[in-house]
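> First the structure, then my questions, so here it is.
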Amino acid sequence: MVKLLMVKVSARRLSAEIIQLIAQEVRGCTRCGLASGRTRAVPGEGPADARIMLIGEGPGYHEDRQGRPFVGQSGQFLDDLLAMAGLARADVFIANVVKCRPPQNRDPQPDEVATCTEHYLYRQIEAIDPPVIVTLGRFSMSLFLPGERITRIHGQPRKAGGRLIVPMLHPAAALHQPQNRPLIEADFRGLPAILARAEAEQAAARPGPASARPDDDRPLEQLSLF
Ligand code: URA
């Protein structure tokens, strides 16, 4: 019993150290063109043992200034949505597909998404190993559920890579199109039941952490954290 507790504590410490290490790398990253236009990179934040990870698209104006995810208007709305699910920001890990603000908030390009996810996002997912990932918007969703349409499947959990992926509309889409508001609010209210299901399934079925990548069948020991 004591041994198991010690293993859990040291696993948690290791996850926290890996998350910190990735954040340092992100802050100094020059791997793609987005680096030259940023004020600050936005690695993401939250507990390294969070049970839910939220993944947005990329930093906007305020996030770029502060170096923190979802701190502008859509961030305030995200806080309200989390409260509807009985959650606080401190309970979840919030990250983005790309860690630097695209100029004029344009869509991230495929090469920027590929570079940033391979080097940072997938490693963050591996370190945190959340049973539930909430994708915010279509860029994030299509990493895990390619070919799906967010308007068709929002709020409906899907299995990918041993986790439950919950595709949500982006909070900004609900702010700009008020008819989306009741949809995203209802989807967030459904989160506690989805988390309970995921925790139960994870406890019953998995000997170890799942993969960050939905199509990855490699055993854990072959996954590099660095
Ligand atoms: N929108 C996003 O997708 N991410 C942020 O961090 C802020 C706004």
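Here's how to read the names in the structure tokens: chain A, B, ... by the order shown, residue numbers from 1 in each chain, ligand numbers from 1 in the order shown.
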Do you know which residues are at most 12 Å from segment 188-192 of chain A counting only C-alpha atoms, after dropping those on the same chain fewer than 2 positions away, and could you put them as a ChimeraX atom specification?
/A:51-54,77-87,132-136,154-157,164-171,181-186,194-199
> Could you give me, as a VMD selection string, the residues within 9 Å of Glu45 of chain A, counting only C-alpha atoms and dropping anything in the same chain fewer than 3 positions from it?
chain A and resid 19 23 42 48 68 to 69 90 92 to 95
> Taking the DSSP assignment computed from this structure's backbone, write out as number ranges by chain all residues of segment 70-194 of chain A that belong to helix (DSSP H, G or I).
A: 73-84, 89-91, 103-105, 110-128, 138-144, 150-153, 171-176, 178-189, 191-194
> Could you tell me, counting only C-alpha atoms and all ligand atoms, which protein and nucleic acid residues lie no more than 10 Å from ligand 1, written as a VMD selection string?
chain A and resid 42 to 44 54 to 64 67 to 75 78 94 to 101 105 135 to 137 139 to 140 170 to 172
> Can those selected residues be exported to a file as a tab-separated table (two decimals), in the first residue's frame so that it contains N, CA and C atoms?

chain	number	residue	atom	x	y	z
A	42	VAL	N	2.77	30.51	-25.54
A	42	VAL	CA	1.77	30.12	-24.53
A	42	VAL	C	1.79	28.59	-24.38
A	43	PRO	N	2.59	28.07	-23.45
A	43	PRO	CA	2.75	26.61	-23.34
A	43	PRO	C	1.47	25.90	-22.90
A	44	GLY	N	0.65	26.59	-22.10
A	44	GLY	CA	-0.51	25.93	-21.50
A	44	GLY	C	-0.30	25.87	-20.00
A	54	LEU	N	-8.17	20.44	-21.80
A	54	LEU	CA	-8.89	21.21	-22.82
A	54	LEU	C	-7.89	21.71	-23.85
A	55	ILE	N	-8.22	21.55	-25.11
A	55	ILE	CA	-7.27	21.97	-26.15
A	55	ILE	C	-7.96	22.94	-27.11
A	56	GLY	N	-7.48	24.19	-27.09
A	56	GLY	CA	-7.98	25.21	-28.00
A	56	GLY	C	-7.18	25.25	-29.28
A	57	GLU	N	-7.35	26.33	-30.02
A	57	GLU	CA	-6.70	26.43	-31.33
A	57	GLU	C	-5.31	27.05	-31.23
A	58	GLY	N	-5.25	28.27	-30.74
A	58	GLY	CA	-3.97	28.95	-30.60
A	58	GLY	C	-4.19	30.26	-29.87
A	59	PRO	N	-3.11	30.85	-29.35
A	59	PRO	CA	-3.26	32.09	-28.59
A	59	PRO	C	-3.82	33.21	-29.46
A	60	GLY	N	-4.62	34.09	-28.82
A	60	GLY	CA	-5.06	35.32	-29.46
A	60	GLY	C	-4.25	36.50	-28.91
A	61	TYR	N	-4.78	37.69	-29.09
A	61	TYR	CA	-4.06	38.91	-28.70
A	61	TYR	C	-3.67	38.89	-27.21
A	62	HIS	N	-4.65	38.66	-26.36
A	62	HIS	CA	-4.40	38.77	-24.91
A	62	HIS	C	-3.49	37.63	-24.41
A	63	GLU	N	-3.69	36.44	-25.00
A	63	GLU	CA	-2.86	35.30	-24.60
A	63	GLU	C	-1.40	35.54	-24.98
A	64	ASP	N	-1.21	36.12	-26.18
A	64	ASP	CA	0.13	36.44	-26.66
A	64	ASP	C	0.82	37.46	-25.75
A	67	GLY	N	1.11	35.38	-22.14
A	67	GLY	CA	1.77	34.07	-22.11
A	67	GLY	C	0.93	33.00	-21.43
A	68	ARG	N	-0.41	33.26	-21.34
A	68	ARG	CA	-1.31	32.28	-20.69
A	68	ARG	C	-2.49	31.99	-21.61
A	69	PRO	N	-3.01	30.75	-21.54
A	69	PRO	CA	-4.11	30.39	-22.45
A	69	PRO	C	-5.46	30.94	-21.98
A	70	PHE	N	-6.31	31.28	-22.93
A	70	PHE	CA	-7.70	31.66	-22.66
A	70	PHE	C	-7.83	32.71	-21.53
A	71	VAL	N	-7.20	33.85	-21.74
A	71	VAL	CA	-7.32	34.93	-20.75
A	71	VAL	C	-8.14	36.11	-21.28
A	72	GLY	N	-8.55	36.04	-22.56
A	72	GLY	CA	-9.37	37.12	-23.13
A	72	GLY	C	-10.84	36.85	-22.91
A	73	GLN	N	-11.67	37.42	-23.81
A	73	GLN	CA	-13.13	37.28	-23.66
A	73	GLN	C	-13.58	35.82	-23.71
A	74	SER	N	-12.99	35.06	-24.66
A	74	SER	CA	-13.44	33.65	-24.73
A	74	SER	C	-12.97	32.87	-23.51
A	75	GLY	N	-11.88	33.34	-22.90
A	75	GLY	CA	-11.40	32.70	-21.66
A	75	GLY	C	-12.38	32.93	-20.50
A	78	LEU	N	-15.10	30.67	-21.09
A	78	LEU	CA	-14.68	29.30	-20.78
A	78	LEU	C	-14.76	29.04	-19.27
A	94	ILE	N	-5.15	23.38	-19.55
A	94	ILE	CA	-5.60	24.06	-20.77
A	94	ILE	C	-4.40	24.27	-21.69
A	95	ALA	N	-4.51	23.76	-22.91
A	95	ALA	CA	-3.42	23.90	-23.88
A	95	ALA	C	-4.02	24.34	-25.22
A	96	ASN	N	-3.16	24.52	-26.19
A	96	ASN	CA	-3.59	24.88	-27.54
A	96	ASN	C	-2.88	24.00	-28.56
A	97	VAL	N	-3.46	23.93	-29.76
A	97	VAL	CA	-2.83	23.19	-30.85
A	97	VAL	C	-1.50	23.85	-31.20
A	98	VAL	N	-1.51	25.16	-31.45
A	98	VAL	CA	-0.24	25.88	-31.67
A	98	VAL	C	0.00	26.81	-30.49
A	99	LYS	N	1.27	26.96	-30.15
A	99	LYS	CA	1.62	27.66	-28.91
A	99	LYS	C	1.97	29.14	-29.12
A	100	CYS	N	2.00	29.56	-30.38
A	100	CYS	CA	2.28	30.98	-30.67
A	100	CYS	C	1.13	31.56	-31.50
A	101	ARG	N	0.86	32.84	-31.31
A	101	ARG	CA	-0.28	33.48	-31.99
A	101	ARG	C	-0.02	33.60	-33.49
A	105	ASN	N	-4.55	36.58	-36.11
A	105	ASN	CA	-5.41	35.44	-35.72
A	105	ASN	C	-5.84	34.58	-36.90
A	135	THR	N	-11.90	18.94	-26.89
A	135	THR	CA	-11.35	19.76	-27.97
A	135	THR	C	-12.26	20.96	-28.16
A	136	LEU	N	-11.65	22.13	-28.31
A	136	LEU	CA	-12.41	23.37	-28.46
A	136	LEU	C	-12.22	23.87	-29.89
A	137	GLY	N	-13.22	23.66	-30.71
A	137	GLY	CA	-13.13	24.11	-32.11
A	137	GLY	C	-12.65	23.02	-33.04
A	139	PHE	N	-10.08	22.82	-35.30
A	139	PHE	CA	-8.65	22.47	-35.48
A	139	PHE	C	-8.23	21.43	-34.46
A	140	SER	N	-8.64	21.65	-33.25
A	140	SER	CA	-8.30	20.73	-32.18
A	140	SER	C	-9.00	19.38	-32.40
A	170	HIS	N	-15.95	25.95	-30.32
A	170	HIS	CA	-15.02	26.89	-29.68
A	170	HIS	C	-15.83	27.96	-28.94
A	171	PRO	N	-15.42	28.31	-27.69
A	171	PRO	CA	-16.18	29.34	-26.96
A	171	PRO	C	-16.35	30.63	-27.78
A	172	ALA	N	-15.36	30.99	-28.59
A	172	ALA	CA	-15.48	32.22	-29.39
A	172	ALA	C	-16.63	32.09	-30.39
> Just checking: using only C-alpha atoms, which residue out of A:Ala200, A:Gly37, A:Thr30, A:Val7 ends up closest to Thr115 of chain A?
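Checking each candidate against Thr115 of chain A, we get A:Thr30 as the closest.
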> Go ahead and compute the interatomic distance for atom CA of Arg123 of chain A and atom CA of Leu34 of chain A, in Å to one decimal.
19.8 Å
> Can you pull out every residue within 12 Å of segment 10-15 of chain A, counting only C-alpha atoms, but drop anything in the same chain fewer than 4 positions away, and send it as an mmCIF file with N, CA and C atoms, in the first residue's frame?

data_model
loop_
_atom_site.group_PDB
_atom_site.id
_atom_site.type_symbol
_atom_site.label_atom_id
_atom_site.label_comp_id
_atom_site.auth_asym_id
_atom_site.auth_seq_id
_atom_site.Cartn_x
_atom_site.Cartn_y
_atom_site.Cartn_z
ATOM 1 N N LYS A 3 4.017 1.364 -0.732
ATOM 2 C CA LYS A 3 4.821 1.319 -1.956
ATOM 3 C C LYS A 3 4.030 1.910 -3.126
ATOM 4 N N LEU A 4 2.752 1.518 -3.229
ATOM 5 C CA LEU A 4 1.890 1.990 -4.316
ATOM 6 C C LEU A 4 1.748 3.510 -4.244
ATOM 7 N N LEU A 5 1.578 4.028 -3.018
ATOM 8 C CA LEU A 5 1.442 5.469 -2.818
ATOM 9 C C LEU A 5 2.706 6.184 -3.280
ATOM 10 N N MET A 6 3.878 5.593 -2.917
ATOM 11 C CA MET A 6 5.154 6.217 -3.307
ATOM 12 C C MET A 6 5.311 6.235 -4.825
ATOM 13 N N ILE A 19 6.150 18.447 -17.710
ATOM 14 C CA ILE A 19 5.312 19.585 -18.154
ATOM 15 C C ILE A 19 6.109 20.888 -18.061
ATOM 16 N N GLN A 20 6.867 21.042 -16.987
ATOM 17 C CA GLN A 20 7.695 22.260 -16.835
ATOM 18 C C GLN A 20 8.767 22.341 -17.908
ATOM 19 N N LEU A 21 9.364 21.194 -18.174
ATOM 20 C CA LEU A 21 10.425 21.135 -19.186
ATOM 21 C C LEU A 21 9.870 21.518 -20.567
ATOM 22 N N ILE A 22 8.700 20.975 -20.895
ATOM 23 C CA ILE A 22 8.082 21.293 -22.187
ATOM 24 C C ILE A 22 7.775 22.799 -22.255
ATOM 25 N N GLY A 46 -1.959 24.281 -15.929
ATOM 26 C CA GLY A 46 -2.890 23.456 -15.159
ATOM 27 C C GLY A 46 -2.125 22.364 -14.450
ATOM 28 N N PRO A 47 -2.813 21.590 -13.623
ATOM 29 C CA PRO A 47 -2.132 20.513 -12.892
ATOM 30 C C PRO A 47 -1.653 19.403 -13.829
ATOM 31 N N ALA A 48 -0.477 18.882 -13.548
ATOM 32 C CA ALA A 48 0.092 17.823 -14.403
ATOM 33 C C ALA A 48 -0.659 16.512 -14.234
ATOM 34 N N ASP A 49 -1.520 16.420 -13.207
ATOM 35 C CA ASP A 49 -2.324 15.196 -13.054
ATOM 36 C C ASP A 49 -3.811 15.479 -13.302
ATOM 37 N N ALA A 50 -4.086 16.512 -14.114
ATOM 38 C CA ALA A 50 -5.485 16.856 -14.411
ATOM 39 C C ALA A 50 -6.182 15.667 -15.066
ATOM 40 N N ARG A 123 3.388 15.473 -26.460
ATOM 41 C CA ARG A 123 4.196 15.168 -25.262
ATOM 42 C C ARG A 123 3.467 15.619 -23.994
ATOM 43 N N GLN A 124 2.760 16.760 -24.095
ATOM 44 C CA GLN A 124 1.981 17.202 -22.925
ATOM 45 C C GLN A 124 0.894 16.178 -22.604
ATOM 46 N N ILE A 125 0.231 15.672 -23.652
ATOM 47 C CA ILE A 125 -0.830 14.680 -23.424
ATOM 48 C C ILE A 125 -0.242 13.409 -22.802
ATOM 49 N N GLU A 126 0.900 12.981 -23.304
ATOM 50 C CA GLU A 126 1.520 11.763 -22.749
ATOM 51 C C GLU A 126 1.878 11.942 -21.276
ATOM 52 N N ALA A 127 2.381 13.134 -20.931
ATOM 53 C CA ALA A 127 2.795 13.369 -19.539
ATOM 54 C C ALA A 127 1.587 13.455 -18.610
ATOM 55 N N ILE A 128 0.530 14.116 -19.060
ATOM 56 C CA ILE A 128 -0.651 14.313 -18.199
ATOM 57 C C ILE A 128 -1.517 13.053 -18.176
ATOM 58 N N ASP A 129 -1.598 12.400 -19.317
ATOM 59 C CA ASP A 129 -2.378 11.167 -19.472
ATOM 60 C C ASP A 129 -3.826 11.313 -18.990
ATOM 61 N N PRO A 130 -4.543 12.305 -19.503
ATOM 62 C CA PRO A 130 -5.929 12.512 -19.027
ATOM 63 C C PRO A 130 -6.883 11.496 -19.651
ATOM 64 N N GLY A 208 -1.808 0.743 -18.095
ATOM 65 C CA GLY A 208 -0.906 1.894 -18.030
ATOM 66 C C GLY A 208 -1.452 3.028 -18.848
ATOM 67 N N PRO A 209 -0.660 4.116 -18.973
ATOM 68 C CA PRO A 209 -1.134 5.285 -19.696
ATOM 69 C C PRO A 209 -1.455 4.983 -21.160
ATOM 70 N N LEU A 225 9.391 10.453 -24.111
ATOM 71 C CA LEU A 225 8.857 11.669 -23.502
ATOM 72 C C LEU A 225 9.746 12.858 -23.804
#
> For the atom pair atom CA of Leu145 of chain A and atom CA of Gly161 of chain A, what is the interatomic distance in Å to one decimal place?
10.5 Å
> Interatomic distance between atom CA of Pro146 of chain A and atom CA of Ala114 of chain A?
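Atom-to-atom, atom CA of Pro146 of chain A to atom CA of Ala114 of chain A, that is 13.9 Å.
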> Name the residues of segment 52-168 of chain A that come out as strand (DSSP E) in a backbone DSSP run; write them as a list in words.
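Matching residues for strand (DSSP E) in segment 52-168 of chain A are Ile52, Met53, Leu54, Ile55, Gly56, Phe93, Ile94, Ala95, Asn96, Val132, Ile133, Val134, Thr135, Leu136, Arg158, Lys159, Ala160, Arg163, Leu164, Ile165, Val166, Pro167 and Met168 of chain A.
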> Suppose we keep C-alpha atoms; can you now write the selection as a compact mmCIF listing (two decimals), in the first residue's frame?

# COMPACT_ATOMS: atom_id res chain seq x y z
CA ILE A 52 -9.50 16.65 -18.12
CA MET A 53 -7.38 18.43 -20.70
CA LEU A 54 -8.89 21.21 -22.82
CA ILE A 55 -7.27 21.97 -26.15
CA GLY A 56 -7.98 25.21 -28.00
CA PHE A 93 -5.06 21.53 -17.96
CA ILE A 94 -5.60 24.06 -20.77
CA ALA A 95 -3.42 23.90 -23.88
CA ASN A 96 -3.59 24.88 -27.54
CA VAL A 132 -10.82 12.92 -21.12
CA ILE A 133 -9.72 15.45 -23.73
CA VAL A 134 -12.11 18.28 -24.58
CA THR A 135 -11.35 19.76 -27.97
CA LEU A 136 -12.41 23.37 -28.46
CA ARG A 158 -15.72 9.45 -29.02
CA LYS A 159 -12.97 6.95 -28.21
CA ALA A 160 -9.57 7.68 -29.73
CA ARG A 163 -9.23 8.19 -24.23
CA LEU A 164 -12.59 9.86 -24.52
CA ILE A 165 -12.42 12.83 -26.86
CA VAL A 166 -15.25 15.31 -26.33
CA PRO A 167 -15.54 17.70 -29.27
CA MET A 168 -16.96 21.08 -28.25
